[in-house]
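Source file structure.cif; content: mmCIF, C-alpha atoms.
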```
data_my_file
loop_
_atom_site.group_PDB
_atom_site.id
_atom_site.type_symbol
_atom_site.label_atom_id
_atom_site.label_comp_id
_atom_site.auth_asym_id
_atom_site.auth_seq_id
_atom_site.Cartn_x
_atom_site.Cartn_y
_atom_site.Cartn_z
ATOM 1 C CA MET D 1 -1.870 -2.465 20.206
ATOM 2 C CA ALA D 2 -3.575 -0.802 23.215
ATOM 3 C CA ILE D 3 -1.435 2.303 22.792
ATOM 4 C CA LEU D 4 -2.237 2.431 19.076
ATOM 5 C CA SER D 5 -5.972 2.012 19.727
ATOM 6 C CA PHE D 6 -5.922 4.806 22.311
ATOM 7 C CA GLY D 7 -4.086 7.076 19.871
ATOM 8 C CA ILE D 8 -6.616 6.445 17.130
ATOM 9 C CA ALA D 9 -9.521 7.114 19.468
ATOM 10 C CA ASN D 10 -7.898 10.340 20.625
ATOM 11 C CA VAL D 11 -7.363 11.499 17.032
ATOM 12 C CA LEU D 12 -10.980 10.739 16.152
ATOM 13 C CA SER D 13 -12.340 12.560 19.191
ATOM 14 C CA THR D 14 -10.279 15.695 18.587
ATOM 15 C CA ALA D 15 -10.374 15.901 14.772
ATOM 16 C CA PRO D 16 -12.183 19.036 13.589
ATOM 17 C CA ALA D 17 -15.308 18.903 11.460
ATOM 18 C CA HIS D 18 -14.726 19.381 7.742
ATOM 19 C CA ALA D 19 -16.928 21.093 5.223
ATOM 20 C CA GLN D 20 -17.432 18.603 2.382
ATOM 21 C CA SER D 21 -18.059 19.695 -1.181
ATOM 22 C CA ASP D 22 -19.644 17.556 -3.886
ATOM 23 C CA GLU D 23 -16.170 17.062 -5.407
ATOM 24 C CA ASP D 24 -14.451 16.045 -2.146
ATOM 25 C CA TYR D 25 -14.016 12.262 -2.403
ATOM 26 C CA ILE D 26 -11.777 9.895 -0.478
ATOM 27 C CA ASN D 27 -8.500 9.206 -2.328
ATOM 28 C CA PRO D 28 -6.772 6.171 -0.746
ATOM 29 C CA ASP D 29 -3.339 4.884 -1.656
ATOM 30 C CA ARG D 30 -4.867 1.448 -2.144
ATOM 31 C CA PRO D 31 -5.504 -0.568 -4.213
ATOM 32 C CA GLY D 32 -2.571 -0.941 -6.576
ATOM 33 C CA ILE D 33 1.169 -1.019 -6.023
ATOM 34 C CA ALA D 34 1.971 2.664 -6.547
ATOM 35 C CA ASP D 35 1.035 5.221 -3.866
ATOM 36 C CA GLY D 36 -0.469 8.606 -4.666
ATOM 37 C CA SER D 37 1.169 12.002 -4.188
ATOM 38 C CA THR D 38 -1.653 13.717 -2.277
ATOM 39 C CA THR D 39 -2.273 13.737 1.486
ATOM 40 C CA VAL D 40 -5.474 13.281 3.489
ATOM 41 C CA GLY D 41 -5.665 16.937 4.573
ATOM 42 C CA GLN D 42 -5.198 18.712 7.883
ATOM 43 C CA GLY D 43 -7.032 17.067 10.775
ATOM 44 C CA ARG D 44 -8.162 14.106 8.681
ATOM 45 C CA PHE D 45 -7.700 10.495 9.766
ATOM 46 C CA GLN D 46 -7.934 7.639 7.271
ATOM 47 C CA ILE D 47 -7.699 3.861 7.564
ATOM 48 C CA GLU D 48 -6.967 1.655 4.551
ATOM 49 C CA THR D 49 -7.034 -2.092 5.104
ATOM 50 C CA ALA D 50 -7.615 -5.356 3.251
ATOM 51 C CA ILE D 51 -7.435 -9.118 3.356
ATOM 52 C CA GLN D 52 -4.832 -10.449 0.943
ATOM 53 C CA THR D 53 -3.924 -14.017 -0.009
ATOM 54 C CA GLU D 54 -0.745 -14.942 -1.873
ATOM 55 C CA PHE D 55 0.275 -18.245 -3.466
ATOM 56 C CA ARG D 56 3.837 -19.357 -4.226
ATOM 57 C CA HIS D 57 5.127 -22.528 -5.878
ATOM 58 C CA ASP D 58 8.691 -23.817 -6.013
ATOM 59 C CA GLY D 59 8.995 -27.314 -7.372
ATOM 60 C CA GLY D 60 7.075 -29.569 -4.995
ATOM 61 C CA GLU D 61 6.697 -26.858 -2.339
ATOM 62 C CA HIS D 62 3.494 -24.817 -2.164
ATOM 63 C CA ASP D 63 3.078 -21.807 0.147
ATOM 64 C CA THR D 64 -0.118 -19.924 0.948
ATOM 65 C CA THR D 65 0.109 -16.677 2.901
ATOM 66 C CA MET D 66 -2.790 -14.601 4.205
ATOM 67 C CA PHE D 67 -2.402 -11.202 5.872
ATOM 68 C CA PHE D 68 -4.154 -7.898 6.499
ATOM 69 C CA PRO D 69 -2.207 -4.987 4.973
ATOM 70 C CA THR D 70 -3.184 -1.830 6.855
ATOM 71 C CA LEU D 71 -2.249 1.826 6.466
ATOM 72 C CA LEU D 72 -3.222 4.525 8.984
ATOM 73 C CA ARG D 73 -2.896 8.149 7.830
ATOM 74 C CA TYR D 74 -3.310 11.397 9.776
ATOM 75 C CA GLY D 75 -2.894 14.890 8.331
ATOM 76 C CA PHE D 76 -0.876 17.297 10.453
ATOM 77 C CA ALA D 77 -1.147 19.906 7.719
ATOM 78 C CA ASN D 78 -2.750 20.165 4.286
ATOM 79 C CA LYS D 79 0.422 18.863 2.644
ATOM 80 C CA LEU D 80 1.922 16.702 5.404
ATOM 81 C CA GLU D 81 0.699 13.427 6.901
ATOM 82 C CA VAL D 82 2.081 10.787 9.261
ATOM 83 C CA ARG D 83 1.660 7.136 8.280
ATOM 84 C CA VAL D 84 1.726 3.859 10.203
ATOM 85 C CA GLU D 85 1.807 0.832 7.920
ATOM 86 C CA GLY D 86 2.280 -2.922 7.985
ATOM 87 C CA ASN D 87 0.862 -6.310 7.035
ATOM 88 C CA THR D 88 -0.307 -6.835 10.667
ATOM 89 C CA TYR D 89 -1.272 -10.427 11.436
ATOM 90 C CA SER D 90 0.073 -12.953 8.912
ATOM 91 C CA TRP D 91 -0.597 -16.654 8.503
ATOM 92 C CA MET D 92 1.342 -19.081 6.277
ATOM 93 C CA ARG D 93 0.770 -22.691 5.257
ATOM 94 C CA GLN D 94 3.627 -24.630 3.667
ATOM 95 C CA LYS D 95 3.060 -27.950 1.928
ATOM 96 C CA ASP D 96 5.726 -30.261 0.467
ATOM 97 C CA SER D 97 6.528 -33.955 0.186
ATOM 98 C CA SER D 98 7.144 -34.213 3.931
ATOM 99 C CA GLY D 99 3.744 -32.831 4.908
ATOM 100 C CA THR D 100 2.040 -29.557 5.823
ATOM 101 C CA SER D 101 3.149 -26.964 8.361
ATOM 102 C CA HIS D 102 1.680 -23.683 9.594
ATOM 103 C CA THR D 103 3.184 -20.540 11.022
ATOM 104 C CA ASP D 104 1.704 -17.230 12.069
ATOM 105 C CA GLY D 105 2.721 -13.947 13.658
ATOM 106 C CA PHE D 106 2.806 -10.197 13.242
ATOM 107 C CA ALA D 107 4.663 -8.560 10.377
ATOM 108 C CA PRO D 108 6.982 -5.548 10.884
ATOM 109 C CA THR D 109 5.341 -2.124 11.210
ATOM 110 C CA SER D 110 6.638 1.132 9.749
ATOM 111 C CA ILE D 111 6.200 4.769 10.662
ATOM 112 C CA GLY D 112 6.566 7.332 7.921
ATOM 113 C CA LEU D 113 5.677 10.677 6.409
ATOM 114 C CA LYS D 114 4.206 11.869 3.129
ATOM 115 C CA TYR D 115 4.741 15.426 1.919
ATOM 116 C CA ASN D 116 2.935 16.827 -1.138
ATOM 117 C CA PHE D 117 5.312 19.525 -2.383
ATOM 118 C CA VAL D 118 3.734 20.137 -5.824
ATOM 119 C CA ASP D 119 -0.063 20.256 -5.785
ATOM 120 C CA ALA D 120 -2.095 20.252 -9.009
ATOM 121 C CA PRO D 121 -5.392 22.190 -9.124
ATOM 122 C CA GLU D 122 -8.536 20.041 -9.278
ATOM 123 C CA GLY D 123 -9.362 19.089 -12.868
ATOM 124 C CA SER D 124 -6.075 20.339 -14.338
ATOM 125 C CA LYS D 125 -3.523 18.322 -16.333
ATOM 126 C CA GLN D 126 -0.629 19.516 -14.198
ATOM 127 C CA VAL D 127 1.441 16.909 -12.345
ATOM 128 C CA SER D 128 1.135 16.571 -8.566
ATOM 129 C CA VAL D 129 4.317 15.363 -6.829
ATOM 130 C CA GLY D 130 4.946 14.074 -3.314
ATOM 131 C CA ALA D 131 7.595 12.258 -1.290
ATOM 132 C CA ILE D 132 7.044 9.250 0.985
ATOM 133 C CA ALA D 133 9.558 8.022 3.573
ATOM 134 C CA ARG D 134 9.139 4.946 5.793
ATOM 135 C CA VAL D 135 11.242 3.394 8.558
ATOM 136 C CA PHE D 136 10.680 -0.158 9.789
ATOM 137 C CA PRO D 137 12.330 -0.587 13.204
ATOM 138 C CA PRO D 138 13.037 -4.184 14.307
ATOM 139 C CA SER D 139 9.529 -5.536 14.895
ATOM 140 C CA GLY D 140 7.157 -8.381 14.178
ATOM 141 C CA SER D 141 6.951 -11.819 15.715
ATOM 142 C CA GLY D 142 7.893 -15.408 14.920
ATOM 143 C CA ASP D 143 9.081 -16.131 11.378
ATOM 144 C CA PHE D 144 7.785 -12.733 10.241
ATOM 145 C CA ARG D 145 10.035 -10.683 12.534
ATOM 146 C CA ASP D 146 12.759 -8.402 11.133
ATOM 147 C CA SER D 147 15.833 -8.035 13.346
ATOM 148 C CA ARG D 148 17.258 -5.003 11.504
ATOM 149 C CA THR D 149 16.043 -1.481 10.793
ATOM 150 C CA THR D 150 14.900 -1.113 7.182
ATOM 151 C CA GLY D 151 13.011 1.482 5.163
ATOM 152 C CA ASP D 152 12.489 3.186 1.840
ATOM 153 C CA PHE D 153 12.090 6.578 0.182
ATOM 154 C CA ARG D 154 9.937 7.207 -2.894
ATOM 155 C CA LEU D 155 8.823 10.048 -5.096
ATOM 156 C CA ALA D 156 5.185 9.744 -6.164
ATOM 157 C CA ALA D 157 3.347 11.637 -8.892
ATOM 158 C CA ASP D 158 -0.209 11.923 -10.216
ATOM 159 C CA TRP D 159 -0.862 13.052 -13.787
ATOM 160 C CA LYS D 160 -4.351 13.348 -15.257
ATOM 161 C CA PHE D 161 -3.212 13.292 -18.875
ATOM 162 C CA ALA D 162 -6.646 12.892 -20.506
ATOM 163 C CA ASP D 163 -10.334 12.987 -19.662
ATOM 164 C CA LYS D 164 -11.038 10.047 -17.291
ATOM 165 C CA TRP D 165 -7.440 8.774 -17.538
ATOM 166 C CA SER D 166 -4.531 9.293 -15.148
ATOM 167 C CA LEU D 167 -1.058 7.897 -14.501
ATOM 168 C CA ASN D 168 0.492 7.427 -11.074
ATOM 169 C CA PRO D 169 4.255 6.606 -11.145
ATOM 170 C CA ASN D 170 6.580 6.004 -8.158
ATOM 171 C CA ILE D 171 10.358 5.770 -8.094
ATOM 172 C CA GLY D 172 12.632 5.255 -5.122
ATOM 173 C CA VAL D 173 15.193 3.261 -3.197
ATOM 174 C CA GLY D 174 14.898 0.960 -0.196
ATOM 175 C CA VAL D 175 16.943 -0.992 2.328
ATOM 176 C CA PHE D 176 15.478 -4.428 3.068
ATOM 177 C CA GLN D 177 16.248 -7.586 5.046
ATOM 178 C CA ASP D 178 16.451 -10.979 3.340
ATOM 179 C CA ASP D 179 15.727 -14.456 4.714
ATOM 180 C CA THR D 180 19.265 -14.715 6.137
ATOM 181 C CA SER D 181 18.894 -11.419 8.073
ATOM 182 C CA ARG D 182 21.269 -9.585 5.730
ATOM 183 C CA THR D 183 20.344 -6.096 4.542
ATOM 184 C CA TYR D 184 20.605 -4.969 0.938
ATOM 185 C CA THR D 185 19.736 -1.893 -1.114
ATOM 186 C CA ALA D 186 17.262 -2.058 -4.004
ATOM 187 C CA GLY D 187 15.818 0.283 -6.580
ATOM 188 C CA LEU D 188 12.023 0.632 -6.685
ATOM 189 C CA PHE D 189 9.601 1.554 -9.451
ATOM 190 C CA ALA D 190 5.818 1.323 -9.736
ATOM 191 C CA ALA D 191 3.196 2.798 -12.031
ATOM 192 C CA THR D 192 -0.605 2.685 -11.997
ATOM 193 C CA LEU D 193 -2.812 3.482 -14.982
ATOM 194 C CA ASN D 194 -6.314 4.562 -13.907
ATOM 195 C CA PHE D 195 -9.562 4.839 -15.843
ATOM 196 C CA ASN D 196 -12.370 6.711 -14.065
ATOM 197 C CA PRO D 197 -15.694 6.471 -15.921
ATOM 198 C CA SER D 198 -17.190 8.441 -13.016
ATOM 199 C CA LYS D 199 -16.124 10.155 -9.794
ATOM 200 C CA THR D 200 -16.864 7.011 -7.790
ATOM 201 C CA VAL D 201 -15.594 4.201 -10.040
ATOM 202 C CA ASN D 202 -11.960 3.435 -10.839
ATOM 203 C CA PHE D 203 -10.492 0.642 -12.966
ATOM 204 C CA PHE D 204 -6.725 0.251 -12.794
ATOM 205 C CA ALA D 205 -3.752 -1.749 -14.024
ATOM 206 C CA ASP D 206 -0.277 -1.404 -12.619
ATOM 207 C CA THR D 207 3.174 -2.877 -12.210
ATOM 208 C CA GLY D 208 5.837 -2.916 -9.514
ATOM 209 C CA ILE D 209 9.566 -3.516 -9.986
ATOM 210 C CA GLN D 210 12.273 -4.150 -7.396
ATOM 211 C CA THR D 211 15.901 -4.665 -8.347
ATOM 212 C CA PRO D 212 17.377 -6.743 -6.894
ATOM 213 C CA GLU D 213 14.597 -8.717 -5.210
ATOM 214 C CA GLU D 214 17.053 -10.072 -2.610
ATOM 215 C CA LYS D 215 20.756 -9.720 -1.868
ATOM 216 C CA GLY D 216 22.593 -10.812 -5.035
ATOM 217 C CA GLY D 217 19.266 -11.728 -6.625
ATOM 218 C CA LYS D 218 17.404 -10.914 -9.816
ATOM 219 C CA THR D 219 14.791 -8.276 -10.598
ATOM 220 C CA SER D 220 11.214 -8.945 -9.491
ATOM 221 C CA VAL D 221 8.244 -7.703 -11.517
ATOM 222 C CA ILE D 222 4.605 -7.826 -10.403
ATOM 223 C CA ILE D 223 1.530 -6.865 -12.420
ATOM 224 C CA ASP D 224 -2.010 -6.488 -11.162
ATOM 225 C CA GLY D 225 -5.358 -4.944 -11.904
ATOM 226 C CA GLY D 226 -8.746 -4.362 -10.372
ATOM 227 C CA MET D 227 -11.382 -1.838 -9.504
ATOM 228 C CA ALA D 228 -12.462 0.466 -6.676
ATOM 229 C CA TYR D 229 -15.873 1.923 -5.847
ATOM 230 C CA ILE D 230 -16.585 4.908 -3.591
ATOM 231 C CA ILE D 231 -19.708 4.853 -1.420
ATOM 232 C CA GLY D 232 -20.848 8.356 -0.535
ATOM 233 C CA HIS D 233 -17.704 10.449 -0.159
ATOM 234 C CA ASP D 234 -15.706 8.786 2.625
ATOM 235 C CA ILE D 235 -15.752 4.998 2.015
ATOM 236 C CA GLN D 236 -14.036 3.000 -0.711
ATOM 237 C CA LEU D 237 -14.260 -0.743 -1.491
ATOM 238 C CA ASP D 238 -11.748 -2.412 -3.804
ATOM 239 C CA LEU D 239 -10.873 -5.731 -5.430
ATOM 240 C CA SER D 240 -7.615 -6.675 -7.144
ATOM 241 C CA VAL D 241 -5.734 -9.651 -8.538
ATOM 242 C CA GLY D 242 -2.133 -9.921 -9.682
ATOM 243 C CA THR D 243 0.883 -12.137 -10.202
ATOM 244 C CA GLY D 244 4.625 -12.029 -10.477
ATOM 245 C CA ILE D 245 6.066 -12.262 -13.990
ATOM 246 C CA SER D 246 9.760 -12.130 -13.102
ATOM 247 C CA GLY D 247 11.847 -13.139 -10.108
ATOM 248 C CA SER D 248 11.532 -15.848 -7.468
ATOM 249 C CA THR D 249 9.963 -13.842 -4.607
ATOM 250 C CA PRO D 250 6.661 -12.499 -6.085
ATOM 251 C CA PRO D 251 3.410 -14.454 -5.563
ATOM 252 C CA HIS D 252 1.723 -16.503 -8.300
ATOM 253 C CA PRO D 253 -0.981 -15.184 -7.974
ATOM 254 C CA PHE D 254 -2.392 -12.911 -5.236
ATOM 255 C CA LEU D 255 -5.933 -11.757 -4.455
ATOM 256 C CA ALA D 256 -7.019 -8.792 -2.327
ATOM 257 C CA ALA D 257 -10.255 -7.196 -1.129
ATOM 258 C CA GLY D 258 -9.945 -3.819 0.567
ATOM 259 C CA PHE D 259 -11.825 -1.248 2.615
ATOM 260 C CA SER D 260 -10.890 2.403 3.191
ATOM 261 C CA LYS D 261 -12.625 4.951 5.418
ATOM 262 C CA ARG D 262 -11.950 8.669 5.903
ATOM 263 C CA PHE D 263 -12.905 10.480 9.124
#
```
Please go through the file and, once you have read it, give me the structure as structure tokens.
Amino acid sequence: MAILSFGIANVLSTAPAHAQSDEDYINPDRPGIADGSTTVGQGRFQIETAIQTEFRHDGGEHDTTMFFPTLLRYGFANKLEVRVEGNTYSWMRQKDSSGTSHTDGFAPTSIGLKYNFVDAPEGSKQVSVGAIARVFPPSGSGDFRDSRTTGDFRLAADWKFADKWSLNPNIGVGVFQDDTSRTYTAGLFAATLNFNPSKTVNFFADTGIQTPEEKGGKTSVIIDGGMAYIIGHDIQLDLSVGTGISGSTPPHPFLAAGFSKRF
């Protein structure tokens, strides 16, 4: 963590000043399940974080998990950014007929890249397309640690198909680790429908699909919705709520409150 903090401070101290137009607003990948296709821009640093609580029920067993999903983004070029991402500190409470137990630790952290290879002009109805790749080396602590290298690759698009409306689909493939430390390959799909009554307000609804959800498992489907509000040009606040509608691994439900800041 000390190395990461020093790196962030160094980026902030050396990042060039940016001329900011009236139309230049922060565009985080949160909230929602699908990520956007655009990057933060050359020399920009952006932090996107939240507090998220998930609830799961299986017969007489009830699990509550709280964590802090965080994404750090830095633009090496106008169309290329490096990303460090993870759920950071996680805390879980499990309650069943035998009593209540608690566990905590750090979740695995990924390093990745996003490249925006088709950029749509501002205000146009053309589709913007990008690619996102992540690698999770063995990391984390306690019950949250992964012992194998995992990762995923996704194509992300943004399409403003009507005034104030846009669609943000993702499709990809990932390699994950299950509870028995076995790896498996899964197909990924997500899509976010956005309604923007103004430049600073966004209402959204989206879905995420993973098939299979675990090795030899079924397909998981999550839906959620919420809103985001931009303060000034460089800060965004967001709220969201969602639930799983298929599969045994999604939460029922989850709640999240997020904060994003561009430097």
Shortest interatomic distance to Asp146 (chain D) - which of D:Asp158, D:Val118, D:Arg182, D:Gly123, counting only C-alpha atoms: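 The answer is D:Arg182, which sits nearest to Asp146 (chain D).
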If you apply the PyMOL selection byres ((chain D and resi 48) around 10) to this file, what residues do you get, as a VMD selection string? chain D and resid 28 to 31 46 to 47 49 to 50 69 to 73 85 235 to 237 258 to 262
Quick one: which residues end up in the PyMOL selection byres ((chain D and resi 101) around 12) for this structure, as a PyMOL selection string? chain D and resi 61-64+91-100+102-104
Centre and edges of the region 100-112 of chain D box, axis-aligned, 3 Å extra per side, as AutoDock Vina command-line options:
```
--center_x 4.3 --center_y -11.1 --center_z 9.7 --size_x 11.3 --size_y 42.9 --size_z 13.8
```
Decode the PyMOL selection byres ((chain D and resi 196) around 10) for the given file into explicit residues and return them as a VMD selection string. chain D and resid 163 to 166 194 to 195 197 to 204 227 to 228
With a distance cut-off of 12 Å and only C-alpha atoms, select the neighbouring residues of Pro121 (chain D), excluding the residue or stretch itself and same-chain residues fewer than 2 positions from it, and output the selection as a short mmCIF file (atom, residue, chain, number, x, y, z; two decimals) with C-alpha atoms, keeping the file's coordinate frame.
```
data_model
loop_
_atom_site.label_atom_id
_atom_site.label_comp_id
_atom_site.auth_asym_id
_atom_site.auth_seq_id
_atom_site.Cartn_x
_atom_site.Cartn_y
_atom_site.Cartn_z
CA THR D 38 -1.65 13.72 -2.28
CA VAL D 118 3.73 20.14 -5.82
CA ASP D 119 -0.06 20.26 -5.78
CA GLY D 123 -9.36 19.09 -12.87
CA SER D 124 -6.08 20.34 -14.34
CA LYS D 125 -3.52 18.32 -16.33
CA GLN D 126 -0.63 19.52 -14.20
CA VAL D 127 1.44 16.91 -12.34
CA SER D 128 1.14 16.57 -8.57
CA ASP D 158 -0.21 11.92 -10.22
CA TRP D 159 -0.86 13.05 -13.79
CA LYS D 160 -4.35 13.35 -15.26
#
```
What does the structure give for the distance between CA of Ser110 (chain D) and CA of Ser139 (chain D), in Å to one decimal?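 Distance between the two atoms: 8.9 Å.
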